[in-house]
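Student: Dropping in model_0.cif, which is mmCIF, C-alpha atoms, pLDDT in the B column; chains and numbers go by the auth columns:
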```
data_start
loop_
_atom_site.group_PDB
_atom_site.id
_atom_site.type_symbol
_atom_site.label_atom_id
_atom_site.label_comp_id
_atom_site.label_asym_id
_atom_site.label_seq_id
_atom_site.Cartn_x
_atom_site.Cartn_y
_atom_site.Cartn_z
_atom_site.B_iso_or_equiv
_atom_site.auth_seq_id
_atom_site.auth_asym_id
ATOM 1 C CA MET A 1 10.487 8.780 15.600 45.00 452 A
ATOM 2 C CA ALA A 2 12.300 5.973 13.789 54.00 453 A
ATOM 3 C CA VAL A 3 10.441 4.139 11.062 71.00 454 A
ATOM 4 C CA ASN A 4 10.599 0.356 11.143 84.00 455 A
ATOM 5 C CA LYS A 5 10.302 -0.971 7.609 90.00 456 A
ATOM 6 C CA PHE A 6 8.922 -4.414 6.860 93.00 457 A
ATOM 7 C CA THR A 7 10.030 -5.271 3.331 95.00 458 A
ATOM 8 C CA LYS A 8 8.987 -7.961 0.876 96.00 459 A
ATOM 9 C CA ALA A 9 12.090 -9.915 1.934 96.00 460 A
ATOM 10 C CA ASP A 10 10.883 -9.712 5.553 96.00 461 A
ATOM 11 C CA ILE A 11 7.485 -11.065 4.492 96.00 462 A
ATOM 12 C CA VAL A 12 9.161 -13.932 2.626 97.00 463 A
ATOM 13 C CA ASP A 13 11.213 -14.758 5.730 96.00 464 A
ATOM 14 C CA ALA A 14 8.143 -14.606 8.004 96.00 465 A
ATOM 15 C CA VAL A 15 6.129 -16.917 5.741 97.00 466 A
ATOM 16 C CA TYR A 16 9.124 -19.253 5.486 97.00 467 A
ATOM 17 C CA GLU A 17 9.398 -19.435 9.287 96.00 468 A
ATOM 18 C CA LYS A 18 5.694 -20.262 9.616 96.00 469 A
ATOM 19 C CA THR A 19 5.368 -22.715 6.729 95.00 470 A
ATOM 20 C CA GLY A 20 8.801 -24.055 5.859 91.00 471 A
ATOM 21 C CA MET A 21 8.002 -23.538 2.170 95.00 472 A
ATOM 22 C CA ASN A 22 10.822 -22.744 -0.246 95.00 473 A
ATOM 23 C CA ARG A 23 11.807 -19.052 -0.028 96.00 474 A
ATOM 24 C CA LYS A 24 12.049 -18.808 -3.812 96.00 475 A
ATOM 25 C CA ASP A 25 8.486 -20.133 -4.208 97.00 476 A
ATOM 26 C CA ILE A 26 7.171 -17.756 -1.537 97.00 477 A
ATOM 27 C CA GLY A 27 8.830 -14.812 -3.315 96.00 478 A
ATOM 28 C CA ALA A 28 7.324 -15.917 -6.623 97.00 479 A
ATOM 29 C CA VAL A 29 3.825 -16.121 -5.131 97.00 480 A
ATOM 30 C CA ILE A 30 4.163 -12.673 -3.556 97.00 481 A
ATOM 31 C CA ASP A 31 5.392 -11.233 -6.869 97.00 482 A
ATOM 32 C CA LEU A 32 2.441 -12.844 -8.686 98.00 483 A
ATOM 33 C CA PHE A 33 0.011 -11.476 -6.085 97.00 484 A
ATOM 34 C CA ILE A 34 1.378 -7.948 -6.417 97.00 485 A
ATOM 35 C CA GLY A 35 1.306 -8.236 -10.207 97.00 486 A
ATOM 36 C CA GLU A 36 -2.345 -9.322 -10.168 97.00 487 A
ATOM 37 C CA VAL A 37 -3.296 -6.456 -7.854 97.00 488 A
ATOM 38 C CA LYS A 38 -1.525 -3.949 -10.127 97.00 489 A
ATOM 39 C CA ALA A 39 -3.144 -5.400 -13.268 97.00 490 A
ATOM 40 C CA ALA A 40 -6.605 -5.277 -11.717 97.00 491 A
ATOM 41 C CA LEU A 41 -6.087 -1.670 -10.589 97.00 492 A
ATOM 42 C CA MET A 42 -4.983 -0.664 -14.096 96.00 493 A
ATOM 43 C CA LYS A 43 -8.275 -2.141 -15.380 96.00 494 A
ATOM 44 C CA ARG A 44 -10.043 0.129 -12.844 96.00 495 A
ATOM 45 C CA HIS A 45 -11.151 -2.787 -10.643 97.00 496 A
ATOM 46 C CA VAL A 46 -11.570 -2.276 -6.910 97.00 497 A
ATOM 47 C CA ILE A 47 -9.426 -4.713 -4.892 97.00 498 A
ATOM 48 C CA GLU A 48 -11.161 -5.791 -1.680 97.00 499 A
ATOM 49 C CA LEU A 49 -9.217 -7.839 0.857 96.00 500 A
ATOM 50 C CA ARG A 50 -11.686 -8.590 3.645 94.00 501 A
ATOM 51 C CA GLY A 51 -10.350 -7.740 7.075 90.00 502 A
ATOM 52 C CA PHE A 52 -7.476 -5.758 5.554 95.00 503 A
ATOM 53 C CA GLY A 53 -8.775 -3.055 3.237 97.00 504 A
ATOM 54 C CA THR A 54 -9.687 -1.853 -0.234 97.00 505 A
ATOM 55 C CA PHE A 55 -7.463 -0.503 -3.006 97.00 506 A
ATOM 56 C CA GLU A 56 -8.823 1.519 -5.904 97.00 507 A
ATOM 57 C CA ILE A 57 -7.823 4.124 -8.459 97.00 508 A
ATOM 58 C CA LYS A 58 -9.449 7.498 -7.885 96.00 509 A
ATOM 59 C CA MET A 59 -9.291 10.113 -10.599 95.00 510 A
ATOM 60 C CA ARG A 60 -7.955 13.567 -9.760 94.00 511 A
ATOM 61 C CA LYS A 61 -9.293 16.532 -11.685 95.00 512 A
ATOM 62 C CA ALA A 62 -7.132 18.737 -13.867 94.00 513 A
ATOM 63 C CA ARG A 63 -5.950 22.005 -12.336 91.00 514 A
ATOM 64 C CA LEU A 64 -4.969 24.932 -14.470 91.00 515 A
ATOM 65 C CA LYS A 65 -3.299 26.871 -11.667 91.00 516 A
ATOM 66 C CA ALA A 66 -1.296 24.631 -9.390 91.00 517 A
ATOM 67 C CA ARG A 67 1.925 25.643 -7.694 92.00 518 A
ATOM 68 C CA ASN A 68 5.170 23.698 -7.564 91.00 519 A
ATOM 69 C CA PRO A 69 5.919 23.779 -3.806 92.00 520 A
ATOM 70 C CA ARG A 70 9.672 23.615 -4.357 93.00 521 A
ATOM 71 C CA THR A 71 10.020 26.469 -6.866 94.00 522 A
ATOM 72 C CA GLY A 72 6.749 28.360 -6.455 92.00 523 A
ATOM 73 C CA GLU A 73 6.242 28.173 -10.225 93.00 524 A
ATOM 74 C CA ILE A 74 2.630 28.129 -11.492 93.00 525 A
ATOM 75 C CA ILE A 75 1.963 24.921 -13.451 92.00 526 A
ATOM 76 C CA SER A 76 -1.048 23.128 -14.903 93.00 527 A
ATOM 77 C CA ILE A 77 -1.807 19.534 -14.029 92.00 528 A
ATOM 78 C CA ARG A 78 -3.723 17.165 -16.280 94.00 529 A
ATOM 79 C CA PRO A 79 -6.309 14.705 -14.927 94.00 530 A
ATOM 80 C CA HIS A 80 -4.617 11.646 -13.463 94.00 531 A
ATOM 81 C CA GLY A 81 -5.204 8.527 -11.395 95.00 532 A
ATOM 82 C CA ASN A 82 -4.214 8.160 -7.779 95.00 533 A
ATOM 83 C CA VAL A 83 -4.124 4.889 -5.823 96.00 534 A
ATOM 84 C CA ALA A 84 -6.289 5.039 -2.710 97.00 535 A
ATOM 85 C CA PHE A 85 -6.365 2.601 0.220 97.00 536 A
ATOM 86 C CA ARG A 86 -9.175 2.382 2.751 96.00 537 A
ATOM 87 C CA PRO A 87 -8.425 0.143 5.719 96.00 538 A
ATOM 88 C CA GLY A 88 -10.973 -2.548 6.593 95.00 539 A
ATOM 89 C CA ARG A 89 -12.837 -2.666 9.876 93.00 540 A
ATOM 90 C CA GLU A 90 -10.536 -5.269 11.468 94.00 541 A
ATOM 91 C CA LEU A 91 -7.372 -3.361 10.523 94.00 542 A
ATOM 92 C CA LYS A 92 -8.875 -0.106 11.838 93.00 543 A
ATOM 93 C CA GLN A 93 -9.792 -1.780 15.127 93.00 544 A
ATOM 94 C CA ASP A 94 -6.356 -3.364 15.504 91.00 545 A
ATOM 95 C CA ALA A 95 -4.610 -0.058 14.704 90.00 546 A
ATOM 96 C CA TRP A 96 -6.810 1.787 17.203 91.00 547 A
ATOM 97 C CA THR A 97 -5.288 -0.220 20.071 90.00 548 A
ATOM 98 C CA ILE A 98 -1.659 0.694 19.229 86.00 549 A
ATOM 99 C CA THR A 99 0.041 3.116 21.616 80.00 550 A
ATOM 100 C CA ASP A 100 3.263 5.147 21.384 72.00 551 A
ATOM 101 C CA GLU A 101 4.986 2.517 23.521 67.00 552 A
ATOM 102 C CA ASP A 102 4.000 -0.203 21.019 63.00 553 A
ATOM 103 C CA LEU A 103 5.540 1.808 18.181 60.00 554 A
ATOM 104 C CA SER A 104 8.805 2.505 19.998 62.00 555 A
ATOM 105 C CA SER A 105 9.561 -1.145 20.796 55.00 556 A
ATOM 106 C CA PRO A 106 11.245 -3.219 18.044 55.00 557 A
#
```
What does this structure look like when you write it as structure tokens?
Tutor:
Amino acid sequence: MAVNKFTKADIVDAVYEKTGMNRKDIGAVIDLFIGEVKAALMKRHVIELRGFGTFEIKMRKARLKARNPRTGEIISIRPHGNVAFRPGRELKQDAWTITDEDLSSP
């Protein structure tokens, strides 16, 4: 199955088409938004975007005996953060209605 990517440049173009705003300004706002989300996550805040979902940092425990899947080598892993995303109710409902045919069409 081919993966259709929708990049930041695609978002800028889509917002430009809908608003007519300057592409450079749209890109700057998107960069600021992403920067604010990252900064808030690094401060261990939970980011809630109603209708879309929630981002948060979840801590993973240390493991003394983990295995490198590529080499099979036994390694230890220190505790670390992991970004988690939980989709909101509206996004879950919208995704539920997607079929294979929807995904195969461009």
Student: Written as a list in words, which residues does the PyMOL selection byres ((chain A and resi 481-488) around 9) give for the file shown?
Tutor: Lys459, Ile462, Val463, Asp476, Ile477, Gly478, Ala479, Val480, Lys489, Ala490, Ala491, Leu492, Met493, Ile498 and Phe506 of chain A
Student: Which residues fall under the PyMOL selection byres ((chain A and resi 534) around 6) in this file, as a PDB file with C-alpha atoms, in the coordinates of the input?
Tutor:
```
ATOM      1  CA  GLU A 507      -8.823   1.519  -5.904  1.00 97.00           C
ATOM      2  CA  ILE A 508      -7.823   4.124  -8.459  1.00 97.00           C
ATOM      3  CA  ASN A 533      -4.214   8.160  -7.779  1.00 95.00           C
ATOM      4  CA  ALA A 535      -6.289   5.039  -2.710  1.00 97.00           C
TER       5      ALA A 535
END
```
Student: Under the PyMOL selection byres ((chain A and resi 516) around 6), which residues of this model are included? Write them out as a PDB file with C-alpha atoms, in the frame of the given file.
Tutor:
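Wrote expr34.pdb, looks like this:
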```
ATOM      1  CA  ARG A 514      -5.950  22.005 -12.336  1.00 91.00           C
ATOM      2  CA  LEU A 515      -4.969  24.932 -14.470  1.00 91.00           C
ATOM      3  CA  ALA A 517      -1.296  24.631  -9.390  1.00 91.00           C
ATOM      4  CA  ILE A 526       1.963  24.921 -13.451  1.00 92.00           C
ATOM      5  CA  SER A 527      -1.048  23.128 -14.903  1.00 93.00           C
TER       6      SER A 527
END
```
Student: When you draw a straight line from CA of Ala546 in chain A to CA of Arg501 in chain A, how long is it in Å?
Tutor: 15.7 Å
Student: Quick one: pull the distance between CA of Lys512 in chain A and CA of Gly539 in chain A, Å, one decimal.
Tutor: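 Distance reported for this atom pair: 26.5 Å.
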Student: Would you compute the distance between CA of Thr505 in chain A and CA of Ala465 in chain A? Give it in Å to one decimal.
Tutor: 23.4 Å
Student: Could you tell me which of A:Ile525, A:Gly502, A:Gly532, A:Arg511 comes closest to Gln544 in chain A if we count all atoms listed in the file?
Tutor: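 Smallest separation from Gln544 in chain A among the options: A:Gly502.
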Student: Quick test: take chain A, keep C-alpha atoms, and write it as an mmCIF file, in the first residue's frame.
Tutor:
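Below is the file that was written, result08.cif:
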```
data_model
loop_
_atom_site.group_PDB
_atom_site.id
_atom_site.type_symbol
_atom_site.label_atom_id
_atom_site.label_comp_id
_atom_site.auth_asym_id
_atom_site.auth_seq_id
_atom_site.Cartn_x
_atom_site.Cartn_y
_atom_site.Cartn_z
ATOM 1 C CA MET A 452 0.000 0.000 0.000
ATOM 2 C CA ALA A 453 1.428 3.375 -1.005
ATOM 3 C CA VAL A 454 1.707 6.039 1.656
ATOM 4 C CA ASN A 455 0.442 9.491 0.746
ATOM 5 C CA LYS A 456 2.403 12.081 2.692
ATOM 6 C CA PHE A 457 0.961 15.472 3.553
ATOM 7 C CA THR A 458 3.904 17.694 4.452
ATOM 8 C CA LYS A 459 4.169 21.077 6.136
ATOM 9 C CA ALA A 460 4.544 22.608 2.659
ATOM 10 C CA ASP A 461 1.252 20.945 1.662
ATOM 11 C CA ILE A 462 -0.429 22.441 4.734
ATOM 12 C CA VAL A 463 0.939 25.887 3.859
ATOM 13 C CA ASP A 464 -0.416 25.529 0.314
ATOM 14 C CA ALA A 465 -3.833 24.350 1.561
ATOM 15 C CA VAL A 466 -4.150 27.264 3.995
ATOM 16 C CA TYR A 467 -3.006 29.654 1.262
ATOM 17 C CA GLU A 468 -5.694 28.345 -1.108
ATOM 18 C CA LYS A 469 -8.394 28.798 1.541
ATOM 19 C CA THR A 470 -7.311 32.168 2.931
ATOM 20 C CA GLY A 471 -5.117 33.904 0.380
ATOM 21 C CA MET A 472 -2.704 34.837 3.178
ATOM 22 C CA ASN A 473 0.995 35.188 2.396
ATOM 23 C CA ARG A 474 2.681 31.758 2.198
ATOM 24 C CA LYS A 475 5.681 33.027 4.154
ATOM 25 C CA ASP A 476 3.424 34.230 6.994
ATOM 26 C CA ILE A 477 1.510 30.936 7.036
ATOM 27 C CA GLY A 478 4.798 29.007 7.258
ATOM 28 C CA ALA A 479 5.960 31.246 10.098
ATOM 29 C CA VAL A 480 2.741 30.681 12.057
ATOM 30 C CA ILE A 481 2.969 26.912 11.580
ATOM 31 C CA ASP A 482 6.613 26.946 12.709
ATOM 32 C CA LEU A 483 5.660 28.997 15.789
ATOM 33 C CA PHE A 484 2.796 26.604 16.574
ATOM 34 C CA ILE A 485 5.053 23.558 16.341
ATOM 35 C CA GLY A 486 7.690 25.303 18.450
ATOM 36 C CA GLU A 487 5.145 26.111 21.167
ATOM 37 C CA VAL A 488 3.874 22.526 21.208
ATOM 38 C CA LYS A 489 7.440 21.197 21.529
ATOM 39 C CA ALA A 490 8.295 23.684 24.300
ATOM 40 C CA ALA A 491 5.168 22.797 26.258
ATOM 41 C CA LEU A 492 5.883 19.066 25.916
ATOM 42 C CA MET A 493 9.448 19.568 27.169
ATOM 43 C CA LYS A 494 7.949 21.271 30.255
ATOM 44 C CA ARG A 495 5.831 18.107 30.717
ATOM 45 C CA HIS A 496 2.566 19.871 29.820
ATOM 46 C CA VAL A 497 -0.241 17.918 28.183
ATOM 47 C CA ILE A 498 -1.299 19.470 24.854
ATOM 48 C CA GLU A 499 -5.042 19.119 24.260
ATOM 49 C CA LEU A 500 -6.463 20.100 20.880
ATOM 50 C CA ARG A 501 -10.215 19.580 21.179
ATOM 51 C CA GLY A 502 -11.653 17.520 18.358
ATOM 52 C CA PHE A 503 -8.171 16.432 17.268
ATOM 53 C CA GLY A 504 -6.307 14.794 20.132
ATOM 54 C CA THR A 505 -3.886 15.005 23.033
ATOM 55 C CA PHE A 506 -0.084 14.957 23.040
ATOM 56 C CA GLU A 507 1.937 14.169 26.144
ATOM 57 C CA ILE A 508 5.291 12.825 27.264
ATOM 58 C CA LYS A 509 5.073 9.422 28.916
ATOM 59 C CA MET A 510 8.053 8.089 30.807
ATOM 60 C CA ARG A 511 9.407 4.651 29.934
ATOM 61 C CA LYS A 512 11.051 2.617 32.663
ATOM 62 C CA ALA A 513 14.677 1.549 32.559
ATOM 63 C CA ARG A 514 15.369 -1.997 31.390
ATOM 64 C CA LEU A 515 18.514 -3.803 32.353
ATOM 65 C CA LYS A 516 18.105 -6.603 29.823
ATOM 66 C CA ALA A 517 16.843 -5.341 26.503
ATOM 67 C CA ARG A 518 17.838 -6.780 23.154
ATOM 68 C CA ASN A 519 18.981 -4.888 20.081
ATOM 69 C CA PRO A 520 16.692 -6.399 17.402
ATOM 70 C CA ARG A 521 19.244 -5.852 14.644
ATOM 71 C CA THR A 522 22.267 -7.476 16.314
ATOM 72 C CA GLY A 523 20.694 -9.531 19.096
ATOM 73 C CA GLU A 524 23.097 -7.906 21.566
ATOM 74 C CA ILE A 525 21.890 -7.543 25.180
ATOM 75 C CA ILE A 526 21.833 -3.860 26.183
ATOM 76 C CA SER A 527 20.515 -1.788 29.075
ATOM 77 C CA ILE A 528 18.195 1.136 28.502
ATOM 78 C CA ARG A 529 17.907 4.103 30.840
ATOM 79 C CA PRO A 530 14.553 5.708 31.698
ATOM 80 C CA HIS A 531 13.423 8.027 28.921
ATOM 81 C CA GLY A 532 10.492 10.054 27.638
ATOM 82 C CA ASN A 533 8.297 9.023 24.756
ATOM 83 C CA VAL A 534 5.792 11.267 22.959
ATOM 84 C CA ALA A 535 2.290 9.805 23.006
ATOM 85 C CA PHE A 536 -0.739 10.894 20.964
ATOM 86 C CA ARG A 537 -4.319 9.969 21.785
ATOM 87 C CA PRO A 538 -6.824 10.899 19.093
ATOM 88 C CA GLY A 539 -9.884 12.908 20.141
ATOM 89 C CA ARG A 540 -13.425 11.641 19.799
ATOM 90 C CA GLU A 541 -14.136 13.519 16.548
ATOM 91 C CA LEU A 542 -10.931 12.288 14.888
ATOM 92 C CA LYS A 543 -11.660 8.710 16.006
ATOM 93 C CA GLN A 544 -15.184 8.915 14.593
ATOM 94 C CA ASP A 545 -13.986 10.389 11.298
ATOM 95 C CA ALA A 546 -11.240 7.747 10.975
ATOM 96 C CA TRP A 547 -13.731 4.968 11.724
ATOM 97 C CA THR A 548 -15.628 5.762 8.508
ATOM 98 C CA ILE A 549 -12.567 5.425 6.222
ATOM 99 C CA THR A 550 -12.487 2.346 3.993
ATOM 100 C CA ASP A 551 -9.729 0.726 1.914
ATOM 101 C CA GLU A 552 -11.186 2.388 -1.179
ATOM 102 C CA ASP A 553 -10.865 5.820 0.480
ATOM 103 C CA LEU A 554 -7.189 5.158 1.205
ATOM 104 C CA SER A 555 -6.366 3.962 -2.308
ATOM 105 C CA SER A 556 -7.760 7.039 -4.074
ATOM 106 C CA PRO A 557 -5.465 10.104 -4.310
#
```
